[in-house]
$ cat query.cif   # mmCIF, C-alpha atoms
data_start
#
loop_
_atom_site.label_atom_id
_atom_site.label_comp_id
_atom_site.auth_asym_id
_atom_site.auth_seq_id
_atom_site.Cartn_x
_atom_site.Cartn_y
_atom_site.Cartn_z
CA MET A 246 121.74 205.78 57.19
CA SER A 247 122.02 205.86 60.96
CA ASP A 248 123.97 208.68 62.56
CA ARG A 249 124.56 206.64 65.70
CA SER A 250 128.15 205.85 66.52
CA PRO A 251 128.84 202.20 67.45
CA SER A 252 129.31 203.20 71.09
CA SER A 253 125.81 204.68 71.34
CA ARG A 254 124.03 201.51 70.17
CA PRO A 255 122.06 199.70 72.90
CA ALA A 256 124.17 197.04 74.60
CA GLN A 257 123.30 193.46 73.64
CA ARG A 258 121.41 191.77 76.48
CA THR A 259 122.83 188.43 77.49
CA GLU A 260 120.16 185.90 78.36
CA PRO A 261 120.40 184.75 82.00
CA ALA A 262 121.37 181.10 82.35
CA PRO A 263 118.26 178.91 82.70
CA HIS A 264 117.35 177.67 86.18
CA ARG A 265 117.93 173.94 86.63
CA ALA A 266 116.43 171.50 89.10
CA GLY A 267 116.70 167.76 89.47
CA PHE A 268 117.79 164.72 91.40
CA ALA A 269 121.31 163.37 91.87
CA CYS A 270 122.14 160.23 93.77
CA PHE A 271 125.38 159.06 95.31
CA VAL A 272 126.16 155.38 95.00
CA GLY A 273 129.10 153.32 96.10
CA ARG A 274 129.92 150.41 98.28
CA PRO A 275 129.22 150.69 102.00
CA ASN A 276 131.31 153.30 103.85
CA ALA A 277 132.46 155.14 100.69
CA GLY A 278 131.61 158.52 102.24
CA LYS A 279 128.22 159.09 100.59
CA SER A 280 126.36 160.39 103.66
CA THR A 281 129.21 162.68 104.74
CA LEU A 282 129.28 164.13 101.24
CA THR A 283 125.49 164.68 101.25
CA ASN A 284 125.75 166.56 104.57
CA ALA A 285 128.70 168.66 103.30
CA LEU A 286 126.83 169.72 100.14
CA VAL A 287 123.61 170.57 101.99
CA GLY A 288 125.60 172.35 104.71
CA THR A 289 123.84 170.60 107.58
CA LYS A 290 123.21 167.11 108.87
CA VAL A 291 120.50 165.29 106.91
CA ALA A 292 122.04 161.81 106.73
CA ILE A 293 123.48 159.81 109.61
CA THR A 294 127.15 158.98 109.36
CA SER A 295 129.11 156.30 111.14
CA ASN A 296 132.40 154.54 110.63
CA ARG A 297 130.39 151.33 110.41
CA PRO A 298 129.42 150.20 106.91
CA GLN A 299 125.70 149.87 106.03
CA THR A 300 124.65 152.85 108.14
CA THR A 301 122.12 154.30 105.69
CA ARG A 302 118.87 152.41 105.36
CA HIS A 303 116.54 155.06 103.96
CA THR A 304 117.05 157.19 100.88
CA VAL A 305 117.60 160.60 102.44
CA ARG A 306 117.01 163.59 100.23
CA GLY A 307 119.19 166.58 100.98
CA ILE A 308 118.36 169.78 99.14
CA VAL A 309 121.02 172.22 97.88
CA HIS A 310 119.58 175.67 97.06
CA ARG A 311 121.49 177.92 94.64
CA PRO A 312 120.44 181.05 92.73
CA ASP A 313 120.77 179.13 89.44
CA ALA A 314 119.63 175.68 90.52
CA GLN A 315 118.13 173.31 93.04
CA LEU A 316 120.03 170.07 93.45
CA VAL A 317 118.14 167.34 95.30
CA LEU A 318 120.51 164.70 96.65
CA VAL A 319 119.27 161.17 97.15
CA ASP A 320 121.51 159.19 99.48
CA THR A 321 121.10 155.45 98.98
CA PRO A 322 122.22 152.51 101.08
CA GLY A 323 125.50 150.96 99.89
CA LEU A 324 125.02 148.29 97.22
CA HIS A 325 126.43 145.00 98.52
CA LYS A 326 126.12 141.20 98.19
CA PRO A 327 123.04 140.61 100.35
CA ARG A 328 123.08 137.96 103.08
CA THR A 329 119.62 138.69 104.51
CA LEU A 330 116.16 139.73 103.35
CA LEU A 331 116.95 143.23 104.67
CA GLY A 332 120.07 143.26 102.46
CA GLU A 333 118.03 142.30 99.39
CA ARG A 334 115.47 145.03 100.11
CA LEU A 335 118.19 147.65 100.54
CA ASN A 336 119.68 146.67 97.15
CA ASP A 337 116.21 146.98 95.54
CA VAL A 338 115.96 150.51 96.98
CA VAL A 339 119.29 151.41 95.34
CA ARG A 340 118.35 150.10 91.89
CA THR A 341 114.92 151.78 91.95
CA THR A 342 116.55 155.09 92.87
CA TRP A 343 119.16 154.84 90.08
CA ALA A 344 116.40 154.45 87.51
CA GLU A 345 114.69 157.68 88.60
CA VAL A 346 117.48 160.27 89.01
CA ASP A 347 118.96 162.79 86.54
CA VAL A 348 122.62 162.19 87.41
CA ILE A 349 124.55 159.54 89.35
CA GLY A 350 127.63 160.23 91.46
CA PHE A 351 129.76 157.09 91.97
CA CYS A 352 131.80 157.45 95.18
CA LEU A 353 135.16 155.68 95.41
CA PRO A 354 137.37 156.31 98.47
CA ALA A 355 140.85 157.65 97.66
CA ASP A 356 142.47 155.53 100.38
CA GLN A 357 141.24 152.13 99.12
CA LYS A 358 142.19 150.35 95.91
CA ILE A 359 139.34 149.67 93.49
CA GLY A 360 138.00 146.27 94.51
CA PRO A 361 135.41 143.68 93.44
CA GLY A 362 132.62 145.66 95.17
CA ASP A 363 133.41 148.77 93.11
CA ARG A 364 133.58 146.73 89.89
CA PHE A 365 130.23 145.11 90.70
CA ILE A 366 128.58 148.55 91.08
CA ALA A 367 130.34 149.99 88.02
CA GLY A 368 129.09 147.00 85.99
CA GLU A 369 125.52 147.76 87.08
CA LEU A 370 126.00 151.46 86.23
CA ALA A 371 127.30 150.60 82.75
CA SER A 372 123.86 149.23 81.85
CA LEU A 373 122.22 152.62 82.58
CA ARG A 374 123.10 154.16 79.23
CA ARG A 375 121.19 157.44 79.33
CA THR A 376 121.93 158.75 82.85
CA PRO A 377 125.12 160.90 83.13
CA LYS A 378 127.63 159.53 85.63
CA VAL A 379 130.19 161.49 87.66
CA ALA A 380 133.02 159.59 89.38
CA ILE A 381 133.74 161.13 92.81
CA VAL A 382 136.99 160.18 94.53
CA THR A 383 136.18 160.74 98.22
CA LYS A 384 138.31 161.05 101.39
CA THR A 385 141.20 162.79 99.57
CA ASP A 386 142.42 164.13 102.94
CA LEU A 387 143.57 160.59 103.81
CA VAL A 388 146.14 160.25 100.98
CA ASP A 389 149.11 162.14 99.49
CA SER A 390 149.04 163.66 95.99
CA LYS A 391 150.85 160.67 94.38
CA ALA A 392 148.32 158.13 95.72
CA LEU A 393 145.46 160.44 94.69
CA ALA A 394 146.81 160.74 91.12
CA GLU A 395 147.06 156.93 90.91
CA GLN A 396 143.46 156.53 92.11
CA LEU A 397 142.16 159.08 89.57
CA LEU A 398 143.91 157.18 86.77
CA ALA A 399 142.51 153.88 88.08
CA VAL A 400 138.96 155.33 88.05
CA ASP A 401 139.47 156.56 84.48
CA ARG A 402 140.67 153.05 83.47
CA LEU A 403 137.68 151.41 85.17
CA GLY A 404 135.32 153.54 83.07
CA LYS A 405 137.14 152.65 79.84
CA GLU A 406 137.14 148.91 80.64
CA LEU A 407 133.38 148.86 81.24
CA GLY A 408 132.36 151.34 78.56
CA ILE A 409 131.29 154.06 81.01
CA GLU A 410 131.96 157.60 79.85
CA TRP A 411 132.41 159.64 83.04
CA ALA A 412 130.90 163.14 82.65
CA GLU A 413 133.53 164.23 85.22
CA ILE A 414 136.06 162.70 87.61
CA VAL A 415 136.21 164.85 90.77
CA PRO A 416 138.39 164.40 93.86
CA VAL A 417 136.78 165.73 97.09
CA SER A 418 137.19 165.73 100.85
CA ALA A 419 133.80 166.16 102.50
CA THR A 420 135.25 166.37 106.03
CA GLU A 421 137.55 169.24 105.04
CA GLY A 422 135.18 170.77 102.48
CA THR A 423 137.79 170.51 99.69
CA GLN A 424 136.22 170.81 96.20
CA VAL A 425 132.69 170.24 97.56
CA GLY A 426 131.52 173.51 95.94
CA LEU A 427 133.21 172.51 92.67
CA LEU A 428 131.33 169.19 92.72
CA ALA A 429 128.01 171.08 92.98
CA ASP A 430 129.12 173.34 90.08
CA LEU A 431 129.78 170.25 87.94
CA LEU A 432 126.54 168.44 88.86
CA VAL A 433 124.22 171.40 88.15
CA PRO A 434 124.72 171.55 84.32
CA LEU A 435 123.74 167.87 84.15
CA LEU A 436 120.26 168.61 85.60
CA PRO A 437 117.23 169.41 83.44
CA GLU A 438 116.03 173.01 83.09
CA GLY A 439 113.05 173.83 85.29
CA PRO A 440 111.72 175.57 88.40
CA SER A 441 112.60 174.53 91.97
CA LEU A 442 111.04 171.28 93.18
CA TYR A 443 111.01 172.17 96.89
CA PRO A 444 110.27 175.43 98.79
CA ASP A 445 113.20 177.70 99.65
CA GLY A 446 114.71 176.81 103.00
CA ASP A 447 113.72 173.12 102.93
CA LEU A 448 116.83 171.00 103.47
CA THR A 449 115.27 167.54 103.36
CA ASP A 450 111.88 165.90 102.80
CA GLU A 451 112.53 163.20 105.38
CA PRO A 452 109.71 163.07 107.97
CA GLU A 453 110.93 164.38 111.34
CA GLN A 454 110.10 161.08 113.04
CA VAL A 455 112.36 159.17 110.64
CA MET A 456 115.23 161.64 111.20
CA VAL A 457 114.81 161.40 115.00
CA ALA A 458 114.91 157.58 114.80
CA GLU A 459 118.05 157.77 112.63
CA LEU A 460 119.81 160.10 115.11
CA ILE A 461 119.04 157.66 117.95
CA ARG A 462 120.34 154.77 115.85
CA GLU A 463 123.52 156.71 115.03
CA ALA A 464 124.19 157.30 118.74
CA ALA A 465 123.49 153.61 119.47
CA LEU A 466 125.97 152.49 116.78
CA GLU A 467 128.86 154.43 118.34
CA GLY A 468 131.26 152.07 120.04
CA VAL A 469 129.13 148.90 120.06
CA ARG A 470 130.76 145.62 119.21
CA ASP A 471 131.16 144.62 115.59
CA GLU A 472 128.29 142.12 115.61
CA LEU A 473 125.66 144.75 116.36
CA PRO A 474 125.49 147.42 113.61
CA HIS A 475 123.03 145.53 111.40
CA SER A 476 121.00 144.32 114.36
CA ILE A 477 119.82 147.72 115.60
CA ALA A 478 116.59 149.33 114.41
CA VAL A 479 114.82 152.30 116.02
CA VAL A 480 111.13 153.17 115.87
CA VAL A 481 109.74 156.42 117.28
CA GLU A 482 106.40 155.35 118.77
CA GLU A 483 105.20 158.79 119.83
CA MET A 484 106.29 162.40 119.42
CA ALA A 485 104.11 165.15 120.91
CA PRO A 486 104.43 168.49 122.73
CA ARG A 487 103.95 168.13 126.52
CA GLU A 488 100.56 169.50 127.49
CA GLY A 489 100.18 172.31 130.00
CA ARG A 490 103.62 173.83 129.39
CA PRO A 491 103.97 177.64 129.21
CA ALA A 492 104.44 178.91 125.61
CA ASP A 493 107.97 180.15 126.36
CA ARG A 494 109.04 176.78 127.85
CA PRO A 495 107.86 174.07 125.47
CA LEU A 496 108.92 170.45 125.84
CA LEU A 497 108.64 167.71 123.23
CA ASP A 498 108.04 164.19 124.55
CA ILE A 499 109.60 161.46 122.39
CA HIS A 500 109.04 157.76 123.15
CA ALA A 501 111.23 155.43 121.09
CA ASN A 502 112.05 151.73 121.01
CA LEU A 503 115.46 150.40 120.11
CA PHE A 504 115.08 146.91 118.61
CA ILE A 505 117.78 144.24 118.60
CA GLU A 506 117.62 140.66 117.34
CA ARG A 507 118.68 138.55 120.33
CA PRO A 508 118.26 138.77 124.12
CA SER A 509 122.06 138.45 124.50
CA GLN A 510 122.50 141.80 122.69
CA LYS A 511 120.34 143.64 125.22
CA GLY A 512 123.14 143.87 127.79
CA ILE A 513 125.56 145.26 125.20
CA VAL A 514 123.18 148.10 124.26
CA ILE A 515 122.10 148.89 127.84
CA GLY A 516 125.62 148.61 129.34
CA PRO A 517 126.60 148.16 133.02
CA LYS A 518 123.87 149.69 135.22
CA GLY A 519 122.28 151.23 132.14
CA SER A 520 125.31 153.45 131.42
CA ARG A 521 125.42 152.88 127.65
CA LEU A 522 121.74 153.47 127.06
CA LYS A 523 121.96 156.65 129.16
CA GLU A 524 124.87 157.83 126.99
CA VAL A 525 122.89 157.04 123.80
CA GLY A 526 119.95 159.03 125.20
CA THR A 527 122.06 162.06 126.14
CA LYS A 528 123.95 162.13 122.84
CA SER A 529 120.92 161.67 120.58
CA ARG A 530 118.80 164.11 122.63
CA ARG A 531 121.35 166.89 121.98
CA GLN A 532 121.28 166.16 118.24
CA ILE A 533 117.45 165.99 118.17
CA GLU A 534 117.17 169.31 120.03
CA ALA A 535 119.54 170.90 117.52
CA LEU A 536 117.52 169.45 114.61
CA LEU A 537 114.07 170.46 115.91
CA GLY A 538 115.08 173.62 117.81
CA THR A 539 113.13 172.69 120.94
CA PRO A 540 113.90 171.04 124.34
CA VAL A 541 113.21 167.31 124.29
CA TYR A 542 112.35 164.65 126.86
CA LEU A 543 113.54 161.34 125.39
CA ASP A 544 112.20 158.03 126.69
CA LEU A 545 114.19 155.08 125.30
CA HIS A 546 113.44 151.37 125.67
CA VAL A 547 115.36 148.35 124.35
CA LYS A 548 113.26 145.49 122.92
CA VAL A 549 114.03 142.18 121.23
CA ALA A 550 112.52 141.53 117.76
CA LYS A 551 113.85 138.05 117.09
CA ASP A 552 115.86 137.79 113.81
CA TRP A 553 114.03 140.81 112.38
CA GLN A 554 116.43 141.15 109.43
CA ARG A 555 115.20 137.82 108.02
CA ASP A 556 111.50 138.09 108.87
CA PRO A 557 109.25 139.85 106.29
CA LYS A 558 106.57 140.61 108.91
CA GLN A 559 109.06 142.20 111.34
CA LEU A 560 110.75 144.13 108.48
CA ARG A 561 107.38 145.63 107.53
CA LYS A 562 106.68 146.56 111.15
CA LEU A 563 110.08 148.28 111.40
CA GLY A 564 109.51 150.26 108.20
CA PHE A 565 111.50 148.29 105.60
#

$ encode --input "query.cif" --output "structure tokens"
Amino acid sequence: MSDRSPSSRPAQRTEPAPHRAGFACFVGRPNAGKSTLTNALVGTKVAITSNRPQTTRHTVRGIVHRPDAQLVLVDTPGLHKPRTLLGERLNDVVRTTWAEVDVIGFCLPADQKIGPGDRFIAGELASLRRTPKVAIVTKTDLVDSKALAEQLLAVDRLGKELGIEWAEIVPVSATEGTQVGLLADLLVPLLPEGPSLYPDGDLTDEPEQVMVAELIREAALEGVRDELPHSIAVVVEEMAPREGRPADRPLLDIHANLFIERPSQKGIVIGPKGSRLKEVGTKSRRQIEALLGTPVYLDLHVKVAKDWQRDPKQLRKLGF
């Protein structure tokens, strides 16, 4: 018989929680706040945001590092009824991404009633039986508590009508950071157990050239007339350190082309005496310098690629 008292027995070791790592993607109709939410979770800008719908054209991966997990966020274009070949290709990107992730976050803005676009997406999600789905009510800073409660109930009803069992329903405000941490806490347990997928410190796996092009496009979208947002594409033709510079004063030369679809749009983008294009250059250069941490010389040109959204050859050339 042991002479040990209960208090002298070795303490039971609790197993540490297993490390989890996996992919989550945010879906929703255009302008539902997906990119802003990605940036808020990662803690820095990895996706371009704009108050124009259909801003995102590439799936941007933002990486959230935590002691217990690595959450890789895939930001998809908004699913919509396509009117062009570009629109069809963007929808294909969304569906391919859905099939490959570990968890799907469905973003529904708090300030807009659930509409046909949301139902269309929810119907598509209902067919993905095995992937857990989290309903995220975004932009909660734009409504009062009564309207928010009504929207949460409406989202719950939508799930029941279509046979979707939401793993969670979470209200967030990405611009104010409200419940963004909680959302990460709720997504992590839905990921598979496993080691990190990306090195510590990586925030995105987007090539720098693609991110630079996106920052230029974001600056070009600001304040242009309504007919232009879909018509602008940006290609970085060259990006190289300027030769012969002293090591303590580097300069990165970036040459980029801004493509539009019709000659009549050229004047809108360039502005009177080149004022708009100059503003686009200044604004995007600041963002690019912040992203890359080096001074930049940005050379921007506006070119016409006739009806590029409908032309398979032009789409390929522009990276779609």

$ atom_distance --input "query.cif" --atom1 "atom CA of A:His500" --atom2 "atom CA of A:Leu543"
6.2 Å

$ closest_residue --input "query.cif" --among "A:Leu442, A:Val339, A:Leu466, A:Ile409" --to "A:Phe268" --atoms "all atoms listed in the file"
A:Leu442

$ resolve_selection --input "query.cif" --expression "the PyMOL selection byres ((chain A and resi 475-485) around 7)" --output "NGL selection string"
:A and (454 or 458 or 462 or 473-474 or 486-487 or 497-506 or 563)

$ resolve_selection --input "query.cif" --expression "the PyMOL selection byres ((chain A and resi 419) around 10)" --output "list in words"
Gly278, Lys279, Ser280, Thr281, Leu282, Thr283, Asn284, Ala285, Leu286, Thr383, Lys384, Thr385, Asp386, Pro416, Val417, Ser418, Thr420, Glu421, Gly422, Thr423, Gln424 and Val425 of chain A

$ closest_residue --input "query.cif" --among "A:Arg494, A:Arg561, A:Lys548, A:Arg555" --to "A:Thr329" --atoms "all atoms listed in the file"
A:Arg555

$ closest_residue --input "query.cif" --among "A:Leu496, A:Ile414, A:Ala344, A:Ile349" --to "A:Pro540" --atoms "only C-alpha atoms"
A:Leu496

$ resolve_selection --input "query.cif" --expression "the PyMOL selection byres ((chain A and resi 262) around 10)" --output "mmCIF file with C-alpha atoms, keeping the file's coordinate frame"
data_model
loop_
_atom_site.group_PDB
_atom_site.id
_atom_site.type_symbol
_atom_site.label_atom_id
_atom_site.label_comp_id
_atom_site.auth_asym_id
_atom_site.auth_seq_id
_atom_site.Cartn_x
_atom_site.Cartn_y
_atom_site.Cartn_z
ATOM 1 C CA THR A 259 122.830 188.430 77.490
ATOM 2 C CA GLU A 260 120.160 185.900 78.360
ATOM 3 C CA PRO A 261 120.400 184.750 82.000
ATOM 4 C CA PRO A 263 118.260 178.910 82.700
ATOM 5 C CA HIS A 264 117.350 177.670 86.180
ATOM 6 C CA ARG A 265 117.930 173.940 86.630
ATOM 7 C CA ASP A 313 120.770 179.130 89.440
ATOM 8 C CA ALA A 314 119.630 175.680 90.520
ATOM 9 C CA GLU A 438 116.030 173.010 83.090
#

$ atom_distance --input "query.cif" --atom1 "atom CA of A:Trp343" --atom2 "atom CA of A:Pro327"
18.0 Å

$ atom_distance --input "query.cif" --atom1 "atom CA of A:Arg328" --atom2 "atom CA of A:Leu460"
25.4 Å

$ closest_residue --input "query.cif" --among "A:Gln510, A:Gln532, A:Ser441, A:Asn336" --to "A:Val317" --atoms "only C-alpha atoms"
A:Ser441

$ closest_residue --input "query.cif" --among "A:Glu406, A:Leu331, A:Val457, A:Arg530" --to "A:Asp552" --atoms "only C-alpha atoms"
A:Leu331

$ residues_around --input "query.cif" --residues "A:Val388" --least-positions-apart "5" --cutoff "7 Å" --atoms "all atoms listed in the file" --output "number ranges by chain"
A: 355-356, 393

$ write_last_selection --input "query.cif" --atoms "C-alpha atoms" --output "compact mmCIF listing (two decimals), in the coordinates of the input"
# COMPACT_ATOMS: atom_id res chain seq x y z
CA ALA A 355 140.85 157.65 97.66
CA ASP A 356 142.47 155.53 100.38
CA LEU A 393 145.46 160.44 94.69

$ closest_residue --input "query.cif" --among "A:Ala399, A:Gly519, A:Gln554, A:Gly288" --to "A:Glu333" --atoms "all atoms listed in the file"
A:Gln554

$ residues_near_point --input "query.cif" --point "(127.1, 148.9, 85.8)" --cutoff "12 Å" --atoms "all atoms listed in the file" --output "PDB file with C-alpha atoms, in the coordinates of the input"
ATOM      1  CA  VAL A 272     126.160 155.380  95.000  1.00  0.00           C
ATOM      2  CA  GLY A 273     129.100 153.320  96.100  1.00  0.00           C
ATOM      3  CA  LEU A 324     125.020 148.290  97.220  1.00  0.00           C
ATOM      4  CA  ARG A 340     118.350 150.100  91.890  1.00  0.00           C
ATOM      5  CA  TRP A 343     119.160 154.840  90.080  1.00  0.00           C
ATOM      6  CA  ILE A 349     124.550 159.540  89.350  1.00  0.00           C
ATOM      7  CA  PHE A 351     129.760 157.090  91.970  1.00  0.00           C
ATOM      8  CA  GLY A 362     132.620 145.660  95.170  1.00  0.00           C
ATOM      9  CA  ASP A 363     133.410 148.770  93.110  1.00  0.00           C
ATOM     10  CA  ARG A 364     133.580 146.730  89.890  1.00  0.00           C
ATOM     11  CA  PHE A 365     130.230 145.110  90.700  1.00  0.00           C
ATOM     12  CA  ILE A 366     128.580 148.550  91.080  1.00  0.00           C
ATOM     13  CA  ALA A 367     130.340 149.990  88.020  1.00  0.00           C
ATOM     14  CA  GLY A 368     129.090 147.000  85.990  1.00  0.00           C
ATOM     15  CA  GLU A 369     125.520 147.760  87.080  1.00  0.00           C
ATOM     16  CA  LEU A 370     126.000 151.460  86.230  1.00  0.00           C
ATOM     17  CA  ALA A 371     127.300 150.600  82.750  1.00  0.00           C
ATOM     18  CA  SER A 372     123.860 149.230  81.850  1.00  0.00           C
ATOM     19  CA  LEU A 373     122.220 152.620  82.580  1.00  0.00           C
ATOM     20  CA  ARG A 374     123.100 154.160  79.230  1.00  0.00           C
ATOM     21  CA  THR A 376     121.930 158.750  82.850  1.00  0.00           C
ATOM     22  CA  LYS A 378     127.630 159.530  85.630  1.00  0.00           C
ATOM     23  CA  LEU A 403     137.680 151.410  85.170  1.00  0.00           C
ATOM     24  CA  GLY A 404     135.320 153.540  83.070  1.00  0.00           C
ATOM     25  CA  GLU A 406     137.140 148.910  80.640  1.00  0.00           C
ATOM     26  CA  LEU A 407     133.380 148.860  81.240  1.00  0.00           C
ATOM     27  CA  GLY A 408     132.360 151.340  78.560  1.00  0.00           C
ATOM     28  CA  ILE A 409     131.290 154.060  81.010  1.00  0.00           C
ATOM     29  CA  GLU A 410     131.960 157.600  79.850  1.00  0.00           C
TER      30      GLU A 410
END

$ residues_near_point --input "query.cif" --point "(119.4, 169.7, 85.2)" --cutoff "9 Å" --atoms "only C-alpha atoms" --output "ChimeraX atom specification"
/A:264-268,314-316,347-348,432-439
